[in-house]
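Here the structure comes first, spelled out in structure tokens, and everything after it is commentary.
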Amino acid sequence: MQSLMGTNFLHLLGNDDIIERLFKPALKGEKIGAICMTEPNAGSDLHGITTNARKVDGGYRINGQKMWVTAAPMADFFTVFAKAGPEMKLTIFLVEKDFDGLHVGRAIDKMGVWALPTSEVAFNDCFVPDSHRLSKEYGDGGDHLRTVLAEIRIITGAMGLGVARAALDEAVKYAAERKQFGKPINRFQAIQLKLAEMATDLEAATHIVHYAAWLKMTGRPPLQQAAMAKLFATEAAASICDKAARVLASYGFAMEYPVQRYLRDVRFTLIGGGTSEILKLTIAKGLN
Ligand SMILES: Cc1cc2nc3c(=O)[nH]c(=O)nc-3n(C[C@H](O)[C@H](O)[C@H](O)COP(=O)(O)OP(=O)(O)OC[C@H]3O[C@@H](n4cnc5c(N)ncnc54)[C@H](O)[C@@H]3O)c2cc1C
């Protein structure tokens, strides 16, 4: 999945060399892309970024600091949001891993999603040729940001479905095996109700994510539905993982059982691509 991150900009580029060398291999999983939006002082408020791109002969010099860049240490290319042009508008650039002035910093020690490192990335007068500017200099970066965020939100909602499905499967299996008071705990209504709620939430979350993905695939604007899908699916996933941990009780707390991992990993889906609060603001705005 990570190799796809950063290819969201494929349609913005008229550069066949980059498409053949980087984006097409990334779509096959042979190259890795990373997205650099977040900064130490700009997370939810991406219009508040300070990374900037100064026009020079033949390209741009990028300066700034990015934070929380997933897969940065192994990425072949980075899509970078910076302010550029006379009015310093959001503009998108593609930076290749061997460009001078790109520095991948320390990996953040995080509570979950251990399979993918997440790092700081710095741009120190990093030269990027004109051919690597992915959006117009005069202000369509904000529109592309909205489109990309909708895609990321659908993907993150789908990640929530995956971890929730694993947690439900584990809880169902455990409840059939674990005996207390002389019978398997899945014979107790308190456990049955929990499993039923988890399964129903997962079913509803699956439909809302599939609907947003279908809108996207059929070319309809999915902004509102993507925000709703991520909000509903990731909150449902967090609740399902919490209930799974309750079904397993002490074994939900043990590192040798997988539920503790689901509990930790699901937290990411509540944040990446926009927090639940920000999604609600987007949804509310779309109602006007
Ligand atoms: C594991 C991981 C991987 C990530 N990978 C990437 C990546 O690859 N690329 C990338 O660019 N970023 C990445 N991110 C960053 C992620 O997108 C941001 O963390 C996220 O957008 C939230 O920003 P923040 O953490 O700075 O929170 P803040 O924006 O500081 O928000 C803090 C709190 O304030 C709330 N808040 C903020 N503004 C408002 C408001 N207007 N109204 C109400 N509440 C508000 C938020 O909801 C939140 O509860 C990653 C994050 C994590 C944890």
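We name chains A, B, ... following the order of the structure tokens; residues begin at 1 in each chain, and ligands are numbered from 1 as shown.
Summary of the local environment: counting only C-alpha atoms, residues at most 6 Å from range 95-104 of chain A, other than itself and those fewer than 6 positions away along its chain, are A:Asp76, A:Phe77, A:Phe78, A:Val121, A:Ala122, A:Phe123, A:Asn124, A:Asp125, A:Cys126.
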Item to complete: Taking the chain letters and numbering used in this document, name the residues of range 57-234 of chain A that DSSP puts in strand (DSSP E), as JSON, numbers by chain.
Response: {"A": [59, 60, 61, 62, 63, 64, 65, 66, 67, 68, 69, 70, 77, 78, 79, 80, 81, 82, 83, 84, 89, 90, 91, 92, 93, 94, 95, 96, 102, 103, 104, 105, 106, 107, 118, 119, 120, 121, 122, 123, 124, 125, 126, 127, 128, 129, 179, 180, 183, 184]}
Discussion item. Show me which residues are within 10 Å of ligand 1 counting only C-alpha atoms and all ligand atoms, and format the list as an NGL selection string.
Written reply: :A and (2 or 5-6 or 33-46 or 66-72 or 78-81 or 108-114 or 116-120 or 149 or 152 or 265 or 267-281)
Worksheet item: If you count only C-alpha atoms, which residues fall within 8 Å of range 225-242 of chain A, apart from same-chain ones fewer than 2 positions away, as a ChimeraX atom specification?
Response: /A:150-151,153-154,156-158,160-161,163-164,167-168,198,201-202,205-206,208-209,211-213,222-223,244-246,259,262-263,266-267,269-270,276,279-280,282-283
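Taking CA of Arg21 in chain A and CA of Ser135 in chain A as endpoints, the distance between them is 19.4 Å.
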Within 9 Å of range 52-59 of chain A, counting only C-alpha atoms, which residues show up once you throw out same-chain ones fewer than 3 positions away? Write them as a short mmCIF file (atom, residue, chain, number, x, y, z; two decimals) with C-alpha atoms, in the first residue's frame, please.
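Written file, selection-v3.cif:
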data_model
loop_
_atom_site.label_atom_id
_atom_site.label_comp_id
_atom_site.auth_asym_id
_atom_site.auth_seq_id
_atom_site.Cartn_x
_atom_site.Cartn_y
_atom_site.Cartn_z
CA ILE A 49 2.95 25.19 6.32
CA ILE A 62 13.09 24.11 -1.38
CA ASN A 63 13.68 24.91 2.29
CA GLY A 64 11.73 23.58 5.23
CA PHE A 81 3.84 20.47 -0.28
CA ALA A 82 5.49 23.89 -0.22
CA LYS A 83 4.52 27.53 -0.64
CA ALA A 84 5.66 29.03 -3.96
CA GLY A 85 4.99 31.77 -6.46
CA MET A 88 3.22 31.90 -1.78
CA THR A 91 2.36 24.03 -4.62
CA ASP A 125 18.20 24.52 -0.36
CA CYS A 126 17.14 21.34 -2.15
CA PHE A 127 17.19 21.93 -5.93
CA VAL A 128 14.13 20.61 -7.79
CA PRO A 129 13.97 21.05 -11.58
CA ASP A 130 10.94 22.70 -13.22
CA SER A 131 9.95 19.30 -14.63
CA HIS A 132 9.27 18.13 -11.05
CA ARG A 133 6.67 20.75 -10.16
#
